[in-house]
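Raw data.csv, CSV, C-alpha atoms:
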```csv
chain,number,residue,atom,x,y,z
A,1,MET,CA,-14.6,31.1,42.4
A,2,ASN,CA,-12.9,29.1,45.2
A,3,MET,CA,-16.1,27.2,45.7
A,4,PHE,CA,-16.1,26.3,42.0
A,5,LYS,CA,-12.5,25.1,42.2
A,6,THR,CA,-13.2,22.9,45.2
A,7,VAL,CA,-16.3,21.3,43.5
A,8,ALA,CA,-14.3,20.9,40.3
A,9,ALA,CA,-11.4,19.3,42.2
A,10,VAL,CA,-13.7,16.9,44.0
A,11,SER,CA,-15.4,16.1,40.7
A,12,ALA,CA,-12.0,15.5,39.1
A,13,VAL,CA,-11.0,13.0,41.8
A,14,MET,CA,-14.4,11.3,41.5
A,15,PHE,CA,-13.9,11.2,37.7
A,16,VAL,CA,-10.5,9.6,38.0
A,17,LEU,CA,-11.6,7.0,40.6
A,18,VAL,CA,-15.0,6.1,39.4
A,19,GLY,CA,-14.6,7.0,35.7
A,20,PRO,CA,-13.2,3.7,34.6
A,21,LEU,CA,-16.4,1.9,35.9
A,22,PHE,CA,-18.6,4.1,33.8
A,23,GLY,CA,-16.3,4.7,31.0
A,24,ALA,CA,-15.6,1.1,30.2
A,25,ASP,CA,-17.0,1.5,26.7
A,26,GLU,CA,-14.5,4.3,26.1
A,27,GLU,CA,-11.4,2.4,27.1
A,28,VAL,CA,-12.2,-0.9,25.5
A,29,VAL,CA,-9.6,-3.6,26.4
A,30,VAL,CA,-8.9,-5.8,23.5
A,31,GLY,CA,-6.6,-8.8,23.5
A,32,ALA,CA,-5.9,-11.4,26.1
A,33,GLU,CA,-3.0,-9.7,27.8
A,34,GLY,CA,-3.5,-6.3,29.3
A,35,GLY,CA,-5.2,-4.5,26.5
A,36,VAL,CA,-2.7,-5.1,23.7
A,37,ILE,CA,-4.3,-5.2,20.3
A,38,PRO,CA,-2.3,-7.9,18.6
A,39,LEU,CA,-1.6,-8.5,14.9
A,40,TYR,CA,-3.7,-11.7,15.3
A,41,LYS,CA,-4.4,-14.1,18.2
A,42,ASP,CA,-1.3,-14.5,20.4
A,43,LYS,CA,0.9,-12.4,18.1
A,44,PRO,CA,1.2,-8.9,19.5
A,45,TYR,CA,3.7,-7.7,16.9
A,46,LEU,CA,6.6,-8.7,14.7
A,47,HIS,CA,9.9,-7.2,13.5
A,48,VAL,CA,11.0,-6.8,10.0
A,49,ILE,CA,14.1,-5.4,8.4
A,50,HIS,CA,13.5,-2.3,6.3
A,51,ASN,CA,16.4,-0.5,4.7
A,52,GLY,CA,18.8,-2.2,7.0
A,53,ARG,CA,17.0,-1.5,10.3
A,54,SER,CA,14.5,-3.3,12.3
A,55,VAL,CA,10.9,-2.0,12.3
A,56,LYS,CA,8.2,-3.2,14.7
A,57,VAL,CA,5.0,-4.0,12.9
A,58,GLN,CA,1.9,-3.7,15.0
A,59,ARG,CA,-1.6,-2.3,15.0
A,60,VAL,CA,-2.7,1.1,16.3
A,61,GLN,CA,-3.5,0.5,20.0
A,62,ASP,CA,-6.3,3.0,20.3
A,63,THR,CA,-9.7,1.5,19.6
A,64,ASP,CA,-11.1,5.0,19.0
A,65,PHE,CA,-8.7,5.6,16.2
A,66,GLU,CA,-10.3,6.5,12.9
A,67,LEU,CA,-8.5,6.6,9.6
A,68,HIS,CA,-8.0,10.0,8.1
A,69,GLY,CA,-6.4,11.2,4.8
A,70,TYR,CA,-6.1,9.7,1.4
A,71,PHE,CA,-6.6,6.1,2.2
A,72,ALA,CA,-9.8,6.9,4.1
A,73,LYS,CA,-11.5,7.7,0.8
A,74,THR,CA,-14.2,5.3,-0.3
A,75,SER,CA,-14.2,6.2,-4.0
A,76,ARG,CA,-11.9,7.3,-6.8
A,77,GLN,CA,-12.4,8.0,-10.4
A,78,CYS,CA,-13.2,4.8,-12.4
A,79,PRO,CA,-11.7,4.3,-14.9
A,80,PRO,CA,-8.8,4.1,-14.2
A,81,PHE,CA,-9.1,3.3,-10.5
A,82,CYS,CA,-11.7,0.6,-10.7
A,83,LEU,CA,-12.2,-2.3,-8.3
A,84,GLY,CA,-10.3,-5.3,-9.6
A,85,PRO,CA,-11.1,-9.0,-9.3
A,86,MET,CA,-9.9,-11.1,-6.4
A,87,GLU,CA,-7.6,-13.1,-8.7
A,88,VAL,CA,-5.1,-11.6,-11.1
A,89,ASN,CA,-4.6,-15.0,-12.7
A,90,PRO,CA,-6.0,-18.4,-11.7
A,91,LEU,CA,-2.4,-19.7,-11.1
A,92,VAL,CA,-1.4,-16.8,-8.8
A,93,LYS,CA,-2.5,-17.0,-5.2
A,94,THR,CA,-4.2,-14.0,-3.6
A,95,VAL,CA,-3.2,-13.5,0.0
A,96,GLY,CA,-4.4,-11.5,3.0
A,97,GLU,CA,-2.7,-9.8,6.0
A,98,LEU,CA,-1.9,-13.0,8.0
A,99,GLU,CA,-0.1,-14.5,5.0
A,100,VAL,CA,1.9,-11.3,4.7
A,101,PHE,CA,2.9,-11.4,8.4
A,102,HIS,CA,4.0,-15.1,8.0
A,103,PHE,CA,5.9,-14.1,4.8
A,104,MET,CA,7.7,-11.3,6.7
A,105,GLU,CA,8.8,-13.7,9.5
A,106,ASN,CA,9.8,-16.6,7.2
A,107,GLN,CA,10.6,-15.9,3.5
A,108,LEU,CA,11.8,-12.3,4.1
A,109,ARG,CA,13.9,-13.3,7.1
A,110,ASP,CA,15.6,-16.2,5.4
A,111,GLY,CA,16.1,-14.4,2.1
A,112,THR,CA,13.9,-16.7,0.0
A,113,GLY,CA,11.2,-14.1,-0.6
A,114,LEU,CA,10.7,-10.5,-1.5
A,115,LEU,CA,7.8,-8.1,-0.6
A,116,ILE,CA,7.3,-5.9,-3.7
A,117,ASP,CA,5.8,-2.5,-3.6
A,118,ALA,CA,4.8,-2.4,-7.3
A,119,ARG,CA,3.7,1.2,-7.3
A,120,THR,CA,5.5,4.1,-9.0
A,121,PRO,CA,8.2,5.7,-6.9
A,122,GLU,CA,6.0,8.8,-6.2
A,123,TRP,CA,3.6,6.5,-4.2
A,124,HIS,CA,6.4,4.5,-2.6
A,125,ALA,CA,8.0,7.7,-1.2
A,126,LYS,CA,4.8,8.6,0.6
A,127,GLY,CA,4.7,5.5,2.7
A,128,THR,CA,5.1,1.8,2.3
A,129,ILE,CA,4.7,-1.5,4.1
A,130,PRO,CA,7.8,-2.3,6.2
A,131,GLY,CA,10.1,-4.8,4.5
A,132,SER,CA,9.0,-3.9,1.0
A,133,ILE,CA,11.3,-2.9,-1.8
A,134,ASN,CA,10.1,-0.7,-4.7
A,135,VAL,CA,10.0,-2.4,-8.1
A,136,PRO,CA,7.5,-0.4,-10.0
A,137,PHE,CA,5.0,-2.1,-12.4
A,138,THR,CA,6.5,0.1,-15.2
A,139,THR,CA,9.7,-2.0,-14.8
A,140,LEU,CA,7.9,-5.3,-14.5
A,141,SER,CA,5.8,-4.6,-17.6
A,142,LYS,CA,8.8,-4.2,-19.9
A,143,SER,CA,10.0,-6.8,-22.4
A,144,ILE,CA,12.2,-9.7,-21.5
A,145,ASP,CA,15.2,-8.1,-23.3
A,146,ASP,CA,14.9,-4.7,-21.5
A,147,LEU,CA,17.8,-4.0,-19.1
A,148,GLU,CA,15.4,-2.9,-16.3
A,149,MET,CA,13.5,-6.2,-16.6
A,150,ILE,CA,16.7,-8.2,-16.7
A,151,GLU,CA,18.0,-6.4,-13.5
A,152,ALA,CA,14.7,-7.1,-11.7
A,153,LEU,CA,14.7,-10.8,-12.7
A,154,GLU,CA,18.3,-11.2,-11.5
A,155,MET,CA,17.3,-9.5,-8.2
A,156,PHE,CA,14.4,-12.0,-7.9
A,157,GLY,CA,16.9,-14.9,-8.2
A,158,GLY,CA,16.4,-15.7,-11.9
A,159,LYS,CA,19.5,-16.7,-14.0
A,160,PRO,CA,19.9,-15.7,-17.6
A,161,ARG,CA,20.6,-18.8,-19.8
A,162,GLU,CA,23.1,-19.3,-22.5
A,163,LYS,CA,21.7,-19.9,-25.9
A,164,VAL,CA,19.7,-23.1,-25.8
A,165,GLY,CA,20.4,-25.6,-28.6
A,166,THR,CA,17.6,-27.3,-30.5
A,167,MET,CA,18.3,-30.7,-29.1
A,168,THR,CA,18.4,-29.4,-25.5
A,169,LYS,CA,15.2,-27.4,-26.1
A,170,THR,CA,13.4,-30.5,-27.5
A,171,LEU,CA,14.6,-32.7,-24.6
A,172,GLU,CA,13.4,-30.0,-22.2
A,173,GLN,CA,10.0,-29.9,-23.9
A,174,TRP,CA,9.8,-33.7,-23.5
A,175,GLY,CA,10.6,-33.3,-19.8
A,176,VAL,CA,13.8,-35.3,-20.1
A,177,LEU,CA,16.1,-32.4,-19.3
A,178,GLY,CA,15.8,-29.3,-17.1
A,179,ASP,CA,13.2,-28.0,-14.8
A,180,LYS,CA,9.7,-26.8,-15.5
A,181,ASN,CA,10.8,-23.4,-14.3
A,182,MET,CA,13.1,-22.8,-17.2
A,183,THR,CA,12.3,-20.7,-20.3
A,184,ASP,CA,14.5,-20.3,-23.4
A,185,LYS,CA,16.1,-17.2,-21.8
A,186,TRP,CA,15.8,-17.6,-18.1
A,187,ASP,CA,16.3,-20.2,-15.4
A,188,PHE,CA,13.8,-19.6,-12.6
A,189,THR,CA,14.6,-22.8,-10.7
A,190,ASN,CA,15.9,-20.9,-7.6
A,191,CYS,CA,13.9,-17.7,-8.0
A,192,LYS,CA,12.4,-16.1,-4.9
A,193,GLU,CA,8.8,-16.1,-3.8
A,194,LEU,CA,7.2,-12.8,-4.3
A,195,ILE,CA,4.3,-10.9,-2.7
A,196,LEU,CA,3.3,-8.0,-4.9
A,197,TRP,CA,1.0,-5.3,-3.7
A,198,CYS,CA,-0.1,-1.7,-4.5
A,199,ASN,CA,-2.8,0.7,-3.3
A,200,GLY,CA,-5.6,-1.8,-2.8
A,201,PRO,CA,-8.5,-3.5,-4.5
A,202,ALA,CA,-9.0,-0.5,-6.9
A,203,CYS,CA,-5.3,-0.4,-7.9
A,204,GLY,CA,-4.1,-1.8,-11.1
A,205,GLN,CA,-0.3,-1.4,-10.5
A,206,SER,CA,0.5,-4.8,-8.9
A,207,PRO,CA,-1.9,-6.8,-11.2
A,208,ARG,CA,0.0,-5.2,-14.2
A,209,ALA,CA,3.3,-6.2,-12.6
A,210,ILE,CA,2.1,-9.7,-12.0
A,211,MET,CA,1.0,-10.0,-15.6
A,212,GLY,CA,4.4,-8.8,-16.8
A,213,LEU,CA,6.2,-11.4,-14.7
A,214,LEU,CA,4.0,-14.2,-16.0
A,215,GLU,CA,4.6,-12.9,-19.5
A,216,VAL,CA,8.4,-13.5,-19.1
A,217,GLY,CA,7.8,-16.9,-17.6
A,218,TYR,CA,8.2,-16.3,-13.9
A,219,PRO,CA,6.7,-19.4,-12.2
A,220,PRO,CA,3.1,-18.4,-11.1
A,221,GLU,CA,3.4,-20.6,-7.9
A,222,LYS,CA,6.2,-18.2,-6.7
A,223,ILE,CA,4.0,-15.1,-7.1
A,224,HIS,CA,1.4,-14.0,-4.6
A,225,TYR,CA,-0.9,-11.0,-4.8
A,226,TYR,CA,-1.8,-9.0,-1.7
A,227,ARG,CA,-5.0,-7.4,-3.0
A,228,GLY,CA,-5.7,-5.4,0.2
A,229,GLY,CA,-2.6,-3.3,-0.4
A,230,MET,CA,-1.9,0.0,1.3
A,231,GLN,CA,-5.6,0.8,1.8
A,232,VAL,CA,-6.5,-2.3,3.8
A,233,TRP,CA,-3.1,-2.3,5.6
A,234,GLN,CA,-3.9,1.2,6.9
A,235,LEU,CA,-7.5,0.4,7.6
A,236,TYR,CA,-6.3,-2.1,10.2
A,237,GLY,CA,-4.0,0.4,11.6
A,238,LEU,CA,-0.8,-1.5,10.7
A,239,THR,CA,2.6,0.2,10.8
A,240,THR,CA,3.9,1.9,7.7
A,241,VAL,CA,7.2,3.5,7.0
A,242,ASN,CA,8.4,6.5,4.9
B,1,MET,CA,-12.7,-8.3,-62.4
B,2,VAL,CA,-14.5,-5.4,-60.8
B,3,PHE,CA,-11.9,-5.4,-58.1
B,4,GLN,CA,-9.0,-5.3,-60.6
B,5,ALA,CA,-10.6,-2.4,-62.4
B,6,TYR,CA,-11.0,-0.6,-59.1
B,7,ARG,CA,-7.4,-1.4,-58.1
B,8,GLY,CA,-6.2,0.0,-61.4
B,9,LYS,CA,-8.1,3.2,-60.8
B,10,PHE,CA,-6.9,3.4,-57.2
B,11,ASN,CA,-3.2,3.0,-58.4
B,12,GLN,CA,-3.6,5.6,-60.9
B,13,LYS,CA,-5.1,8.1,-58.5
B,14,HIS,CA,-2.9,7.3,-55.5
B,15,PRO,CA,0.8,6.8,-55.8
B,16,PHE,CA,2.6,3.8,-54.2
B,17,TRP,CA,3.7,5.7,-51.1
B,18,VAL,CA,0.2,6.3,-50.0
B,19,MET,CA,-0.5,2.6,-50.0
B,20,THR,CA,2.7,2.1,-48.0
B,21,VAL,CA,1.7,4.7,-45.4
B,22,LEU,CA,-1.7,3.1,-45.1
B,23,ILE,CA,-0.2,-0.4,-44.5
B,24,ILE,CA,2.3,0.8,-42.0
B,25,SER,CA,-0.3,2.8,-40.0
B,26,PHE,CA,-2.5,-0.3,-39.9
B,27,PHE,CA,0.3,-2.1,-38.0
B,28,VAL,CA,1.5,0.8,-35.9
B,29,THR,CA,-1.8,2.3,-34.8
B,30,PRO,CA,-2.7,-0.4,-32.2
B,31,PHE,CA,0.7,0.0,-30.5
B,32,SER,CA,0.4,3.8,-30.5
B,33,VAL,CA,-3.0,3.5,-29.0
B,34,MET,CA,-1.8,1.1,-26.4
B,35,ALA,CA,1.2,3.3,-25.5
B,36,ALA,CA,-1.1,6.3,-25.2
B,37,GLY,CA,-3.4,4.3,-22.9
B,38,ASP,CA,-0.4,3.5,-20.7
B,39,ASP,CA,0.7,7.2,-20.7
B,40,ASP,CA,-2.8,8.2,-19.6
B,41,TYR,CA,-2.8,5.7,-16.8
B,42,LEU,CA,0.6,6.9,-15.6
B,43,SER,CA,-0.5,10.5,-15.8
B,44,ALA,CA,-3.6,9.6,-13.8
B,45,LEU,CA,-1.4,7.8,-11.2
B,46,ASN,CA,0.9,10.8,-10.9
B,47,GLN,CA,-2.0,13.2,-10.4
B,48,GLU,CA,-3.5,10.9,-7.8
B,49,ALA,CA,-0.2,10.5,-5.9
B,50,LYS,CA,-0.2,14.3,-5.4
B,51,LYS,CA,-3.3,13.9,-3.3
B,52,VAL,CA,-1.6,11.7,-0.7
B,53,GLY,CA,-0.3,13.6,2.3
B,54,GLU,CA,3.1,12.4,3.5
B,55,LYS,CA,1.7,12.1,7.0
B,56,ASP,CA,-1.2,9.9,5.9
B,57,ALA,CA,0.7,6.7,6.6
B,58,THR,CA,0.7,5.1,10.0
B,59,PRO,CA,3.8,6.3,12.0
B,60,GLU,CA,6.5,3.7,12.1
B,61,GLY,CA,6.4,1.4,15.1
B,62,SER,CA,3.8,3.6,16.6
B,63,VAL,CA,1.6,2.7,19.5
B,64,SER,CA,-0.1,6.0,19.4
B,65,THR,CA,-3.7,6.7,18.5
B,66,GLY,CA,-2.9,7.3,14.9
B,67,GLU,CA,-5.5,10.1,15.2
B,68,SER,CA,-2.4,12.2,15.3
B,69,ARG,CA,-1.5,11.1,11.9
B,70,GLY,CA,-1.8,13.7,9.4
B,71,ASN,CA,-3.2,15.9,12.1
B,72,THR,CA,-3.8,18.6,9.9
B,73,VAL,CA,-6.9,18.5,12.0
B,74,SER,CA,-7.6,22.0,13.4
B,75,ARG,CA,-7.8,22.8,17.0
B,76,ASP,CA,-11.5,23.4,16.7
B,77,THR,CA,-12.0,20.0,15.3
B,78,PHE,CA,-9.9,18.4,18.0
B,79,GLU,CA,-12.0,20.2,20.7
B,80,THR,CA,-15.3,19.2,19.1
B,81,GLU,CA,-14.1,15.6,18.9
B,82,LEU,CA,-13.0,15.7,22.5
B,83,LYS,CA,-16.4,17.1,23.6
B,84,GLU,CA,-18.3,14.4,21.7
B,85,LYS,CA,-16.2,11.5,22.8
B,86,TYR,CA,-14.9,12.5,26.2
B,87,ALA,CA,-17.3,15.0,27.7
B,88,GLY,CA,-15.6,14.8,31.1
B,89,SER,CA,-12.1,15.5,29.8
B,90,SER,CA,-13.5,18.2,27.6
B,91,LEU,CA,-15.0,20.0,30.6
B,92,PHE,CA,-11.7,20.0,32.4
B,93,TYR,CA,-9.9,21.0,29.2
B,94,SER,CA,-12.1,24.0,28.9
B,95,LYS,CA,-11.1,25.2,32.3
B,96,LEU,CA,-7.4,25.1,31.5
B,97,PRO,CA,-5.4,28.2,30.7
B,98,GLU,CA,-5.1,29.0,27.0
B,99,ALA,CA,-1.4,28.1,26.9
B,100,THR,CA,-2.1,24.7,28.4
B,101,GLN,CA,-4.9,24.0,26.0
B,102,GLU,CA,-2.5,24.9,23.2
B,103,GLU,CA,0.1,22.5,24.7
B,104,ILE,CA,-2.5,19.7,24.8
B,105,TYR,CA,-3.6,20.3,21.2
B,106,LEU,CA,0.1,20.3,20.0
B,107,ASP,CA,0.6,17.0,21.8
B,108,TYR,CA,-2.4,15.6,20.0
B,109,ARG,CA,-1.1,16.9,16.7
B,110,ASP,CA,2.3,15.3,17.4
B,111,GLY,CA,0.7,11.9,17.9
B,112,VAL,CA,0.2,11.5,21.6
B,113,SER,CA,-2.6,8.9,22.4
B,114,ILE,CA,-5.9,10.1,23.6
B,115,SER,CA,-5.6,8.2,26.9
B,116,VAL,CA,-2.3,10.0,27.7
B,117,LEU,CA,-3.9,13.3,26.7
B,118,ARG,CA,-6.8,12.8,29.0
B,119,LYS,CA,-4.5,12.0,31.9
B,120,LYS,CA,-2.5,15.1,31.1
B,121,ILE,CA,-5.6,17.2,31.1
B,122,MET,CA,-6.4,16.0,34.6
B,123,ASP,CA,-2.9,16.5,35.8
B,124,ARG,CA,-2.8,20.0,34.5
B,125,PHE,CA,-6.2,20.7,36.0
B,126,LEU,CA,-5.1,19.4,39.4
B,127,HIS,CA,-1.7,21.1,39.0
B,128,ARG,CA,0.1,17.9,39.3
```

Encoded form using structure tokens:
Amino acid sequence: MNMFKTVAAVSAVMFVLVGPLFGADEEVVVGAEGGVIPLYKDKPYLHVIHNGRSVKVQRVQDTDFELHGYFAKTSRQCPPFCLGPMEVNPLVKTVGELEVFHFMENQLRDGTGLLIDARTPEWHAKGTIPGSINVPFTTLSKSIDDLEMIEALEMFGGKPREKVGTMTKTLEQWGVLGDKNMTDKWDFTNCKELILWCNGPACGQSPRAIMGLLEVGYPPEKIHYYRGGMQVWQLYGLTTVN
Amino acid sequence: MVFQAYRGKFNQKHPFWVMTVLIISFFVTPFSVMAAGDDDYLSALNQEAKKVGEKDATPEGSVSTGESRGNTVSRDTFETELKEKYAGSSLFYSKLPEATQEEIYLDYRDGVSISVLRKKIMDRFLHR
């Protein structure tokens, strides 16, 4: 028994000392500086304000990590959870993770943009992308006169307009007055830039929300669609919050 | 002429209100179908949301393995994975007392990274 312990102890010491030489494939060092897996080149992490507190957004640092749980699933019932196209609308830009990171550090930080989790509250409660606010697609699909839609548009920086006279309307149509980001009922001149997202490429919630916003005249150049959504965000081991 | 004759017969057989109901349903039906479609989608979404475990999401600000996440993984699965991926650590783990093995497993379940766990296995084995 003692013999075994001695041999095991010697083996253990050898394992610790020599192990790294043989186990290089197990402990893969990624990133230029000391094994940090960055968000992207030269950007190890970023901070974003979520519900009034600062959250560090980074990737899982273990290269052996494998995704488990709901978002590791490859397939869901289709319909309704069918793969959607890359574009929701030709005028709305589709973005990837890097654009979301830049958005978090710029538009979110200076208050000119909002990251919108367009899923229903049940989904939002089970985890979201830091910095996001929950405005469900059910709200953004409502008519322009609906109170929920009005509140959402005001939160996005839109301003309700007084009744527009025929003369003003005509001049606006001719381009003499006003801005192209004005409708009969809303002034979207100073509205915020939005990134809308949901569960991923097979999720229809944010596309529906985007269509709803376009329907009420929200400027398409101010809307972005993060198609990867929660599934791709988690696939890259990026931080989520509950 | 034929149509007028038919309409006359139809009006005789069916009172005015039948025509009204038919016309109203012609306009209302598409909206009802649309609303039903939305309800179906919402209901499917709610059902699907129930499948998501609250621990599925990446832990906030985590630098851990993430393997811990949702570690509803059983101890057997943990031990099998350890054996497959880290045979050396698995060997030393198997020599540890039951209570220590349990402690390592609980750490794993709480989100401690695999490299920290491997070091802990060695430390416990060498009584450090």

Next item on the list: Hey, list the chain A side of the contact with chain B: 7 Å cut-off, all atoms listed in the file, answer as JSON, numbers by chain.
Entry: {"A": [9, 55, 56, 57, 58, 60, 61, 62, 65, 66, 69, 70, 80, 122, 123, 126, 127, 234, 237, 238, 239, 240, 241]}

Notebook entry, point to check: Of the residues A:Met230, A:Leu67, A:Leu108, A:Ala72, which is the one nearest to Gly200 in chain A, using all atoms listed in the file?
Noted result: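 That would be A:Met230, the residue with the smallest distance to Gly200 in chain A.
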
Note to self: One number please: CA of Asn134 in chain A to CA of Lys93 in chain A, in Å, one decimal.
What the structure shows: 20.6 Å

Note to self: Just want the 9 Å neighbourhood of Ser90 in chain B, counted on all atoms listed in the file, with same-chain residues fewer than 6 positions away dropped. Output as a list in words.
What the structure shows: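 The residues that qualify are Glu79, Thr80, Leu82, Lys83, Glu84, Arg118 and Ile121 of chain B.
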
Next item on the list: Using only C-alpha atoms, find all polymer residues with an atom at most 7 Å away from the point (2.3, -1.2, 2.9); report them as a PyMOL selection string.
Entry: chain A and resi 128-130+229-230+233+240

Next item on the list: Just give me the gap between CA of His102 in chain A and CA of Thr139 in chain A in Å, one decimal is fine.
Entry: 26.9 Å

Next item on the list: Give me the residues within 9 Å of Ile195 in chain A as a PyMOL selection string, counting all atoms listed in the file and dropping any in the same chain fewer than 6 places off.
Entry: chain A and resi 95+100+103+113-117+222-226

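CA of Gln205 in chain A to CA of Arg119 in chain A spans 5.7 Å [interatomic distance, one decimal].
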
Margin query: Around the point (-3.2, 19.7, 28.8) (coordinates from the file), which residues reach within 7 Å if we count only C-alpha atoms? Answer as a PyMOL selection string.
Written below: chain B and resi 93+100-101+103-104+117+120-121+124
